[in-house]
$ cat protein08.pdb   # PDB, C-alpha atoms
ATOM      1  CA  MET J  26     -14.909   4.550  17.761
ATOM      2  CA  THR J  27     -11.770   2.401  18.014
ATOM      3  CA  GLN J  28     -10.207   1.259  14.738
ATOM      4  CA  ARG J  29      -8.489  -2.133  14.635
ATOM      5  CA  VAL J  30      -5.033  -2.213  13.050
ATOM      6  CA  VAL J  31      -2.662  -4.949  11.904
ATOM      7  CA  ILE J  32       1.046  -4.507  11.177
ATOM      8  CA  VAL J  33       2.813  -6.449   8.426
ATOM      9  CA  ASP J  34       6.597  -6.066   8.263
ATOM     10  CA  ASP J  35       9.386  -8.625   8.125
ATOM     11  CA  GLU J  36      11.595  -6.580  10.505
ATOM     12  CA  LYS J  37      10.751  -6.728  14.211
ATOM     13  CA  PRO J  38      12.245  -3.297  15.063
ATOM     14  CA  ALA J  39       9.983  -1.764  12.421
ATOM     15  CA  ARG J  40       6.918  -3.527  13.852
ATOM     16  CA  ASP J  41       7.830  -2.473  17.376
ATOM     17  CA  ARG J  42       8.219   1.165  16.319
ATOM     18  CA  LEU J  43       4.835   1.152  14.600
ATOM     19  CA  ARG J  44       3.272  -0.273  17.779
ATOM     20  CA  ARG J  45       4.785   2.574  19.814
ATOM     21  CA  LEU J  46       3.591   5.202  17.363
ATOM     22  CA  ILE J  47       0.077   3.737  17.224
ATOM     23  CA  ALA J  48      -0.055   3.700  21.049
ATOM     24  CA  ASP J  49      -0.050   7.523  20.984
ATOM     25  CA  HIS J  50      -3.444   7.477  19.225
ATOM     26  CA  ALA J  51      -6.228   6.208  21.489
ATOM     27  CA  ASP J  52      -8.671   5.592  18.635
ATOM     28  CA  PHE J  53      -6.446   2.901  17.094
ATOM     29  CA  VAL J  54      -5.598  -0.478  18.619
ATOM     30  CA  VAL J  55      -3.222  -3.147  17.270
ATOM     31  CA  ALA J  56      -5.064  -6.429  16.644
ATOM     32  CA  GLY J  57      -2.017  -8.385  15.501
ATOM     33  CA  GLU J  58       1.152  -8.460  13.443
ATOM     34  CA  ALA J  59       2.798 -10.654  10.809
ATOM     35  CA  ASP J  60       6.328 -10.959   9.434
ATOM     36  CA  ASP J  61       5.817 -12.706   6.076
ATOM     37  CA  LEU J  62       3.321 -13.070   3.243
ATOM     38  CA  PRO J  63       1.475 -16.277   4.276
ATOM     39  CA  SER J  64       1.007 -15.220   7.898
ATOM     40  CA  ALA J  65      -0.106 -11.750   6.752
ATOM     41  CA  VAL J  66      -2.899 -13.222   4.606
ATOM     42  CA  VAL J  67      -4.067 -15.436   7.497
ATOM     43  CA  LEU J  68      -3.928 -12.526   9.966
ATOM     44  CA  ILE J  69      -5.901 -10.116   7.806
ATOM     45  CA  ASP J  70      -8.631 -12.612   6.932
ATOM     46  CA  ARG J  71      -8.926 -13.756  10.572
ATOM     47  CA  GLU J  72      -8.914 -10.343  12.268
ATOM     48  CA  ARG J  73     -10.635  -8.359   9.485
ATOM     49  CA  PRO J  74      -8.928  -5.108  10.540
ATOM     50  CA  ASP J  75     -10.008  -1.608   9.600
ATOM     51  CA  LEU J  76      -6.448  -0.604   8.740
ATOM     52  CA  CYS J  77      -3.238  -2.378   7.764
ATOM     53  CA  PHE J  78       0.308  -1.004   7.913
ATOM     54  CA  LEU J  79       1.848  -3.030   5.117
ATOM     55  CA  ASP J  80       5.529  -3.270   4.215
ATOM     56  CA  VAL J  81       6.165  -3.485   0.481
ATOM     57  CA  ARG J  82       9.151  -5.826   0.415
ATOM     58  CA  MET J  83       8.928  -9.074   2.354
ATOM     59  CA  PRO J  84      10.212 -12.648   2.092
ATOM     60  CA  GLU J  85       8.251 -14.838  -0.348
ATOM     61  CA  GLY J  86       6.642 -11.881  -2.098
ATOM     62  CA  ASP J  87       5.575  -8.319  -1.482
ATOM     63  CA  GLY J  88       2.798  -6.317   0.107
ATOM     64  CA  PHE J  89       0.904  -6.100  -3.164
ATOM     65  CA  GLU J  90       0.692  -9.883  -3.336
ATOM     66  CA  VAL J  91      -0.763  -9.901   0.182
ATOM     67  CA  LEU J  92      -3.617  -7.711  -1.003
ATOM     68  CA  ARG J  93      -4.209  -9.907  -4.032
ATOM     69  CA  ARG J  94      -4.636 -12.989  -1.845
ATOM     70  CA  VAL J  95      -6.761 -11.743   1.055
ATOM     71  CA  ARG J  96     -10.540 -12.072   1.095
ATOM     72  CA  HIS J  97     -10.918  -9.079   3.423
ATOM     73  CA  LEU J  98      -9.426  -5.884   1.954
ATOM     74  CA  PRO J  99      -8.749  -3.287   4.687
ATOM     75  CA  ARG J 100      -7.631   0.302   4.332
ATOM     76  CA  VAL J 101      -3.892   0.271   3.697
ATOM     77  CA  ILE J 102      -0.938   2.444   4.614
ATOM     78  CA  PHE J 103       2.169   1.192   2.847
ATOM     79  CA  THR J 104       5.531   1.420   4.587
ATOM     80  CA  THR J 105       8.665   1.168   2.479
ATOM     81  CA  ALA J 106      12.303   2.191   2.398
ATOM     82  CA  TYR J 107      12.318   2.024  -1.404
ATOM     83  CA  ASP J 108      11.020   5.140  -3.117
ATOM     84  CA  GLU J 109      10.576   3.285  -6.435
ATOM     85  CA  TYR J 110       7.506   1.726  -4.803
ATOM     86  CA  ALA J 111       6.019   5.056  -3.712
ATOM     87  CA  VAL J 112       2.361   5.444  -4.581
ATOM     88  CA  LYS J 113       1.593   6.435  -8.178
ATOM     89  CA  ALA J 114      -0.320   9.666  -8.775
ATOM     90  CA  PHE J 115      -3.902   9.006  -7.748
ATOM     91  CA  GLU J 116      -6.393   9.868  -5.041
ATOM     92  CA  VAL J 117      -7.867   6.759  -3.422
ATOM     93  CA  SER J 118      -9.145   7.244   0.093
ATOM     94  CA  SER J 119      -7.963   3.810   1.249
ATOM     95  CA  LEU J 120      -4.307   4.235   0.328
ATOM     96  CA  ASP J 121      -1.336   6.160   1.693
ATOM     97  CA  TYR J 122       2.362   5.446   2.077
ATOM     98  CA  LEU J 123       5.144   6.146   4.560
ATOM     99  CA  LEU J 124       8.646   6.336   3.153
ATOM    100  CA  LYS J 125      11.113   5.034   5.738
ATOM    101  CA  PRO J 126      12.515   6.587   7.811
ATOM    102  CA  PHE J 127       9.448   8.646   8.730
ATOM    103  CA  ASP J 128       8.919  10.797  11.813
ATOM    104  CA  ARG J 129       5.994  11.151  14.236
ATOM    105  CA  ARG J 130       4.626  14.127  12.355
ATOM    106  CA  ARG J 131       4.424  12.245   9.063
ATOM    107  CA  PHE J 132       2.964   9.201  10.824
ATOM    108  CA  ALA J 133       0.268  11.333  12.458
ATOM    109  CA  ALA J 134      -0.586  12.842   9.071
ATOM    110  CA  ALA J 135      -1.053   9.348   7.633
ATOM    111  CA  LEU J 136      -3.405   8.424  10.480
ATOM    112  CA  ASP J 137      -5.369  11.645   9.928
ATOM    113  CA  ARG J 138      -5.821  10.613   6.318
ATOM    114  CA  ALA J 139      -6.914   7.143   7.444
ATOM    115  CA  ARG J 140      -9.506   8.634   9.819
ATOM    116  CA  GLU J 141     -10.881  10.754   6.996
ATOM    117  CA  ALA J 142     -11.000   7.775   4.634
ATOM    118  CA  MET J 143     -12.788   5.589   7.153
ATOM    119  CA  GLY J 144     -15.571   8.136   7.312
ATOM    120  CA  ARG J 145     -16.270   7.736   3.613
ATOM    121  CA  GLU J 146     -17.313   4.850   1.426
ATOM    122  CA  GLY J 147     -14.226   3.423  -0.226
ATOM    123  CA  PRO J 148     -13.750   2.496  -3.887
ATOM    124  CA  PRO J 149     -14.533  -1.045  -5.073
ATOM    125  CA  ALA J 150     -11.918  -3.665  -4.253
ATOM    126  CA  THR J 151     -11.373  -4.315  -7.966
ATOM    127  CA  GLU J 152     -10.456  -0.651  -8.493
ATOM    128  CA  ILE J 153      -7.997  -0.726  -5.597
ATOM    129  CA  LEU J 154      -6.327  -3.859  -6.942
ATOM    130  CA  ARG J 155      -6.108  -2.372 -10.427
ATOM    131  CA  LEU J 156      -4.338   0.668  -9.009
ATOM    132  CA  LEU J 157      -2.034  -1.553  -6.972
ATOM    133  CA  GLU J 158      -0.952  -3.262 -10.176
ATOM    134  CA  GLU J 159      -0.034   0.158 -11.595
ATOM    135  CA  ILE J 160       2.012   0.902  -8.480
ATOM    136  CA  ARG J 161       3.711  -2.484  -8.726
ATOM    137  CA  ALA J 162       4.713  -1.732 -12.314
ATOM    138  CA  GLY J 163       7.018   0.979 -10.961
ATOM    139  CA  LEU J 164       7.523   4.668 -11.559
ATOM    140  CA  ARG J 165       9.423   4.507 -14.834
ATOM    141  CA  PRO J 166       6.940   3.803 -17.630
ATOM    142  CA  ALA J 167       8.221   3.326 -21.128
ATOM    143  CA  GLN J 168       8.419   6.534 -23.133
ATOM    144  CA  GLY J 169       5.318   5.624 -25.119
ATOM    145  CA  ASP J 170       3.398   4.943 -21.905
ATOM    146  CA  ALA J 171       3.822   8.415 -20.378
ATOM    147  CA  THR J 172       0.531   9.708 -21.739
ATOM    148  CA  ARG J 173      -1.320   6.561 -20.701
ATOM    149  CA  SER J 174       0.033   6.740 -17.142
ATOM    150  CA  SER J 175      -1.013  10.374 -16.760
ATOM    151  CA  GLY J 176      -4.466   9.503 -18.043
ATOM    152  CA  ALA J 177      -4.797   6.636 -15.582
ATOM    153  CA  ALA J 178      -3.939   8.972 -12.719
ATOM    154  CA  ALA J 179      -6.526  11.487 -13.873
ATOM    155  CA  SER J 180      -9.240   8.821 -14.185
ATOM    156  CA  ALA J 181      -8.489   7.749 -10.611
ATOM    157  CA  GLY J 182      -9.319  11.249  -9.388
ATOM    158  CA  ALA J 183      -5.856  12.651  -8.663
ATOM    159  CA  ALA J 184      -5.881  16.342  -7.802
ATOM    160  CA  ALA J 185      -2.667  17.366  -9.529
ATOM    161  CA  PRO J 186      -1.255  20.860  -9.869
ATOM    162  CA  THR J 187      -1.439  22.297 -13.373
ATOM    163  CA  GLY J 188       1.303  20.816 -15.543
ATOM    164  CA  ALA J 189       2.572  18.508 -12.797
ATOM    165  CA  LEU J 190       1.868  15.324 -14.721
ATOM    166  CA  GLY J 191       2.763  16.408 -18.236
ATOM    167  CA  ALA J 192       5.360  14.783 -20.447
ATOM    168  CA  ALA J 193       8.591  14.278 -18.576
ATOM    169  CA  ALA J 194      11.718  16.179 -19.440
ATOM    170  CA  PRO J 195      14.751  13.975 -20.111
ATOM    171  CA  ALA J 196      16.045  12.879 -16.743
ATOM    172  CA  GLU J 197      19.672  12.732 -15.719
ATOM    173  CA  ALA J 198      21.000   9.237 -15.131
ATOM    174  CA  GLY J 199      19.898   8.081 -11.702
ATOM    175  CA  ALA J 200      17.384  10.904 -11.258
ATOM    176  CA  PRO J 201      13.778   9.966 -10.510
ATOM    177  CA  LEU J 202      11.358  10.435 -13.387
ATOM    178  CA  ARG J 203       8.708  11.749 -10.992
ATOM    179  CA  ILE J 204       8.786  13.128  -7.439
ATOM    180  CA  PRO J 205       5.979  11.735  -5.225
ATOM    181  CA  ALA J 206       4.307  14.493  -3.214
ATOM    182  CA  ARG J 207       1.191  15.144  -1.151
ATOM    183  CA  HIS J 208      -1.238  17.695  -2.616
ATOM    184  CA  LYS J 209      -4.644  18.431  -1.063
ATOM    185  CA  ALA J 210      -6.219  15.019  -0.334
ATOM    186  CA  GLY J 211      -4.167  12.982  -2.780
ATOM    187  CA  VAL J 212      -0.715  11.966  -3.949
ATOM    188  CA  VAL J 213       0.726  13.407  -7.145
ATOM    189  CA  PHE J 214       3.909  12.764  -9.077
ATOM    190  CA  LEU J 215       5.733  15.933 -10.032
ATOM    191  CA  ASP J 216       7.893  16.256 -13.114
ATOM    192  CA  PRO J 217      11.155  17.844 -11.894
ATOM    193  CA  ALA J 218      10.971  20.266 -14.832
ATOM    194  CA  ASP J 219       7.758  21.708 -13.354
ATOM    195  CA  ILE J 220       9.234  22.302  -9.904
ATOM    196  CA  LEU J 221      10.526  25.821  -9.188
ATOM    197  CA  TRP J 222      12.207  24.984  -5.904
ATOM    198  CA  PHE J 223      12.113  22.817  -2.780
ATOM    199  CA  GLU J 224      12.040  24.404   0.654
ATOM    200  CA  ALA J 225      12.506  22.939   4.128
ATOM    201  CA  GLU J 226      10.412  23.915   7.131
ATOM    202  CA  ASP J 227      11.460  22.268  10.368
ATOM    203  CA  THR J 228      11.465  18.525   9.568
ATOM    204  CA  VAL J 229       9.345  18.649   6.400
ATOM    205  CA  VAL J 230      10.095  19.573   2.790
ATOM    206  CA  PHE J 231       7.775  21.197   0.249
ATOM    207  CA  ALA J 232       7.993  21.329  -3.543
ATOM    208  CA  ARG J 233       6.849  24.591  -5.094
ATOM    209  CA  THR J 234       5.349  24.557  -8.595
ATOM    210  CA  GLY J 235       3.763  27.432 -10.473
ATOM    211  CA  ASP J 236       0.421  26.943  -8.753
ATOM    212  CA  ALA J 237       0.883  24.563  -5.820
ATOM    213  CA  ARG J 238       2.910  23.766  -2.710
ATOM    214  CA  CYS J 239       3.229  20.020  -2.147
ATOM    215  CA  LEU J 240       4.607  17.988   0.757
ATOM    216  CA  VAL J 241       7.555  15.752  -0.182
ATOM    217  CA  ASP J 242       8.789  12.765   1.838
ATOM    218  CA  ARG J 243      12.470  13.373   1.181
ATOM    219  CA  THR J 244      15.214  15.461   2.705
ATOM    220  CA  LEU J 245      16.780  18.339   0.789
ATOM    221  CA  SER J 246      20.085  16.469   0.816
ATOM    222  CA  ASP J 247      18.506  13.429  -0.826
ATOM    223  CA  LEU J 248      16.785  15.596  -3.432
ATOM    224  CA  GLU J 249      20.014  17.480  -4.108
ATOM    225  CA  THR J 250      21.788  14.206  -4.841
ATOM    226  CA  GLN J 251      18.966  12.759  -6.934
ATOM    227  CA  LEU J 252      18.343  15.874  -9.022
ATOM    228  CA  ALA J 253      21.900  17.065  -9.646
ATOM    229  CA  PRO J 254      23.039  18.846 -11.739
ATOM    230  CA  GLY J 255      19.712  20.423 -12.667
ATOM    231  CA  PHE J 256      18.945  21.640  -9.122
ATOM    232  CA  PHE J 257      21.233  23.763  -6.923
ATOM    233  CA  ARG J 258      21.292  24.239  -3.121
ATOM    234  CA  THR J 259      21.100  28.020  -2.810
ATOM    235  CA  HIS J 260      20.613  27.993   0.945
ATOM    236  CA  ARG J 261      20.421  25.402   3.718
ATOM    237  CA  ARG J 262      16.620  25.555   3.371
ATOM    238  CA  TYR J 263      16.287  25.876  -0.424
ATOM    239  CA  LEU J 264      17.012  23.719  -3.476
ATOM    240  CA  VAL J 265      16.352  25.561  -6.747
ATOM    241  CA  ASN J 266      15.692  24.454 -10.327
ATOM    242  CA  LEU J 267      18.494  26.152 -12.296
ATOM    243  CA  SER J 268      16.431  26.236 -15.470
ATOM    244  CA  ARG J 269      13.751  28.317 -13.719
ATOM    245  CA  ILE J 270      16.041  31.146 -12.540
ATOM    246  CA  ALA J 271      15.209  34.510 -14.128
ATOM    247  CA  GLU J 272      17.855  36.717 -12.488
ATOM    248  CA  VAL J 273      20.134  37.107  -9.473
ATOM    249  CA  ARG J 274      19.866  40.309  -7.423
ATOM    250  CA  PRO J 275      22.381  41.625  -4.847
ATOM    251  CA  GLY J 276      21.107  41.661  -1.269
ATOM    252  CA  HIS J 277      22.549  42.629   2.114
ATOM    253  CA  ALA J 278      25.972  41.725   3.526
ATOM    254  CA  GLY J 279      27.094  39.841   0.437
ATOM    255  CA  SER J 280      23.935  37.768   0.093
ATOM    256  CA  TYR J 281      21.720  37.603  -2.999
ATOM    257  CA  GLY J 282      18.139  36.965  -3.995
ATOM    258  CA  ILE J 283      17.211  34.643  -6.862
ATOM    259  CA  VAL J 284      14.209  35.747  -8.919
ATOM    260  CA  MET J 285      12.297  32.764 -10.274
ATOM    261  CA  ARG J 286      10.454  32.381 -13.578
ATOM    262  CA  ASP J 287       6.946  32.208 -12.132
ATOM    263  CA  GLU J 288       3.963  34.511 -12.369
ATOM    264  CA  GLY J 289       4.746  36.228  -9.074
ATOM    265  CA  ARG J 290       8.488  36.554  -9.777
ATOM    266  CA  SER J 291       9.171  34.879  -6.435
ATOM    267  CA  VAL J 292      12.517  35.529  -4.736
ATOM    268  CA  VAL J 293      14.502  32.696  -3.142
ATOM    269  CA  PRO J 294      17.509  33.419  -0.869
ATOM    270  CA  LEU J 295      21.058  32.734  -2.013
ATOM    271  CA  SER J 296      23.650  32.613   0.770
ATOM    272  CA  ARG J 297      27.018  34.280   0.434
ATOM    273  CA  ARG J 298      28.816  30.931   0.514
ATOM    274  CA  GLN J 299      26.594  29.351  -2.117
ATOM    275  CA  SER J 300      26.739  32.450  -4.308
ATOM    276  CA  ARG J 301      30.395  31.683  -5.028
ATOM    277  CA  ARG J 302      29.508  28.155  -6.157
ATOM    278  CA  LEU J 303      26.594  29.387  -8.261
ATOM    279  CA  ARG J 304      28.781  31.994  -9.909
ATOM    280  CA  GLU J 305      31.132  29.211 -11.008
ATOM    281  CA  LEU J 306      28.188  27.343 -12.527
ATOM    282  CA  ILE J 307      26.304  30.070 -14.358
ATOM    283  CA  GLY J 308      28.740  32.985 -14.352
ATOM    284  CA  PHE J 309      26.569  35.834 -13.062
TER
END

$ encode --input "protein08.pdb" --output "structure tokens"
Amino acid sequence: MTQRVVIVDDEKPARDRLRRLIADHADFVVAGEADDLPSAVVLIDRERPDLCFLDVRMPEGDGFEVLRRVRHLPRVIFTTAYDEYAVKAFEVSSLDYLLKPFDRRRFAAALDRAREAMGREGPPATEILRLLEEIRAGLRPAQGDATRSSGAAASAGAAAPTGALGAAAPAEAGAPLRIPARHKAGVVFLDPADILWFEAEDTVVFARTGDARCLVDRTLSDLETQLAPGFFRTHRRYLVNLSRIAEVRPGHAGSYGIVMRDEGRSVVPLSRRQSRRLRELIGF
């Protein structure tokens, strides 16, 4: 069965790229596109698509306002270059997000999630809009709201790793309060204090907690910048939480292994070059 798609983005190159990516999937067809809020509302209500790729920031408003105004509420995949708008921790079958720039692999994963969602009955429109308002509020709740936000995510059915949505540790200036990540069928927000390390595999990055491995839509370089000085790049493929290091063991040819403070005493590689930098930081 062919699913009808509309694209809403104020930048033509972005719309054109989405068209090319969608063309690789025969079960989806583009029914139209819009470049601003008013035309997006008209397009969605006229075409009544199954799926909408919706940019968050647009002239005259944002993608959330589009969804507040339409009479027909399709499944939605948000596209955004601004990670402060990334989806809050919940599992709602009609929602996903793509953090620009995204690659074909991540795009295909989003469409797989859309296919799965279309095979199930979605949540009521009022519930979707309520969750959208939480997203719109941003990722940095007031200190007194931390417990409430975690509770809202749990009531929405988020499948979060143990401890991933607990009280946040004090964040360094400029560091994100939560790291958005894919876990099982949902999106969770990870407290950096609960993350043991990040690891890169080909073009994707995973966050490793004590009991889960979650897909993260960021590069290691971006994470290294955002989470400094609490995280350290031990290897070109690994970024480690310094507070979760148990010991450093000598390896072969001047390399080392870092033993982490988890139940399995996992070992993360430390390159010879980075060992000199780490020694300056923690003096092993």

$ residues_around --input "protein08.pdb" --residues "Tyr122 of chain J" --least-positions-apart "6" --cutoff "6 Å" --atoms "all atoms listed in the file" --output "compact mmCIF listing (two decimals) with C-alpha atoms, in the frame of the given file"
# COMPACT_ATOMS: atom_id res chain seq x y z
CA ILE J 102 -0.94 2.44 4.61
CA PHE J 103 2.17 1.19 2.85
CA THR J 104 5.53 1.42 4.59

$ closest_residue --input "protein08.pdb" --among "J:Ala237, J:Leu62, J:Val293, J:Ala278" --to "Arg82 of chain J" --atoms "all atoms listed in the file"
J:Leu62

$ resolve_selection --input "protein08.pdb" --expression "the PyMOL selection byres ((chain J and resi 59) around 10)" --output "PDB file with C-alpha atoms, keeping the file's coordinate frame"
ATOM      1  CA  VAL J  31      -2.662  -4.949  11.904  1.00  0.00           C
ATOM      2  CA  ILE J  32       1.046  -4.507  11.177  1.00  0.00           C
ATOM      3  CA  VAL J  33       2.813  -6.449   8.426  1.00  0.00           C
ATOM      4  CA  ASP J  34       6.597  -6.066   8.263  1.00  0.00           C
ATOM      5  CA  ASP J  35       9.386  -8.625   8.125  1.00  0.00           C
ATOM      6  CA  GLU J  36      11.595  -6.580  10.505  1.00  0.00           C
ATOM      7  CA  LYS J  37      10.751  -6.728  14.211  1.00  0.00           C
ATOM      8  CA  ARG J  40       6.918  -3.527  13.852  1.00  0.00           C
ATOM      9  CA  GLY J  57      -2.017  -8.385  15.501  1.00  0.00           C
ATOM     10  CA  GLU J  58       1.152  -8.460  13.443  1.00  0.00           C
ATOM     11  CA  ASP J  60       6.328 -10.959   9.434  1.00  0.00           C
ATOM     12  CA  ASP J  61       5.817 -12.706   6.076  1.00  0.00           C
ATOM     13  CA  LEU J  62       3.321 -13.070   3.243  1.00  0.00           C
ATOM     14  CA  PRO J  63       1.475 -16.277   4.276  1.00  0.00           C
ATOM     15  CA  SER J  64       1.007 -15.220   7.898  1.00  0.00           C
ATOM     16  CA  ALA J  65      -0.106 -11.750   6.752  1.00  0.00           C
ATOM     17  CA  VAL J  66      -2.899 -13.222   4.606  1.00  0.00           C
ATOM     18  CA  VAL J  67      -4.067 -15.436   7.497  1.00  0.00           C
ATOM     19  CA  LEU J  68      -3.928 -12.526   9.966  1.00  0.00           C
ATOM     20  CA  ILE J  69      -5.901 -10.116   7.806  1.00  0.00           C
ATOM     21  CA  LEU J  79       1.848  -3.030   5.117  1.00  0.00           C
TER      22      LEU J  79
END

$ closest_residue --input "protein08.pdb" --among "J:Arg100, J:Arg93, J:Arg29, J:Arg262" --to "Ile47 of chain J" --atoms "all atoms listed in the file"
J:Arg29

$ resolve_selection --input "protein08.pdb" --expression "the PyMOL selection byres ((chain J and resi 263) around 10)" --output "ChimeraX atom specification"
/J:222-226,230-232,245,249,257-262,264-265,293-295

$ atom_distance --input "protein08.pdb" --atom1 "atom CA of Pro275 of chain J" --atom2 "atom CA of Leu306 of chain J"
17.2 Å

$ atom_distance --input "protein08.pdb" --atom1 "atom CA of Arg304 of chain J" --atom2 "atom CA of Leu215 of chain J"
28.1 Å

$ resolve_selection --input "protein08.pdb" --expression "the PyMOL selection byres ((chain J and resi 124) around 7)" --output "PyMOL selection string"
chain J and resi 104-106+108+122-123+125-127+242

$ residues_around --input "protein08.pdb" --residues "His277 of chain J" --least-positions-apart "2" --cutoff "12 Å" --atoms "only C-alpha atoms" --output "list in words"
Arg274, Pro275, Gly279, Ser280, Tyr281, Gly282, Pro294, Leu295, Ser296 and Arg297 of chain J

$ atom_distance --input "protein08.pdb" --atom1 "atom CA of His208 of chain J" --atom2 "atom CA of Asp227 of chain J"
18.7 Å

$ residues_near_point --input "protein08.pdb" --point "(5.5, 15.1, -6.2)" --cutoff "6 Å" --atoms "all atoms listed in the file" --output "number ranges by chain"
J: 204-206, 213-215

$ closest_residue --input "protein08.pdb" --among "J:Leu98, J:Leu252, J:Val241, J:Val55" --to "Arg73 of chain J" --atoms "only C-alpha atoms"
J:Leu98

$ closest_residue --input "protein08.pdb" --among "J:Ala39, J:Ala139, J:Glu272, J:Thr27" --to "Leu76 of chain J" --atoms "all atoms listed in the file"
J:Ala139

$ closest_residue --input "protein08.pdb" --among "J:Cys77, J:Val292, J:Leu92, J:Leu221" --to "Ala135 of chain J" --atoms "all atoms listed in the file"
J:Cys77

$ closest_residue --input "protein08.pdb" --among "J:Asp128, J:Asp75, J:Pro38, J:Phe89" --to "Ala142 of chain J" --atoms "all atoms listed in the file"
J:Asp75
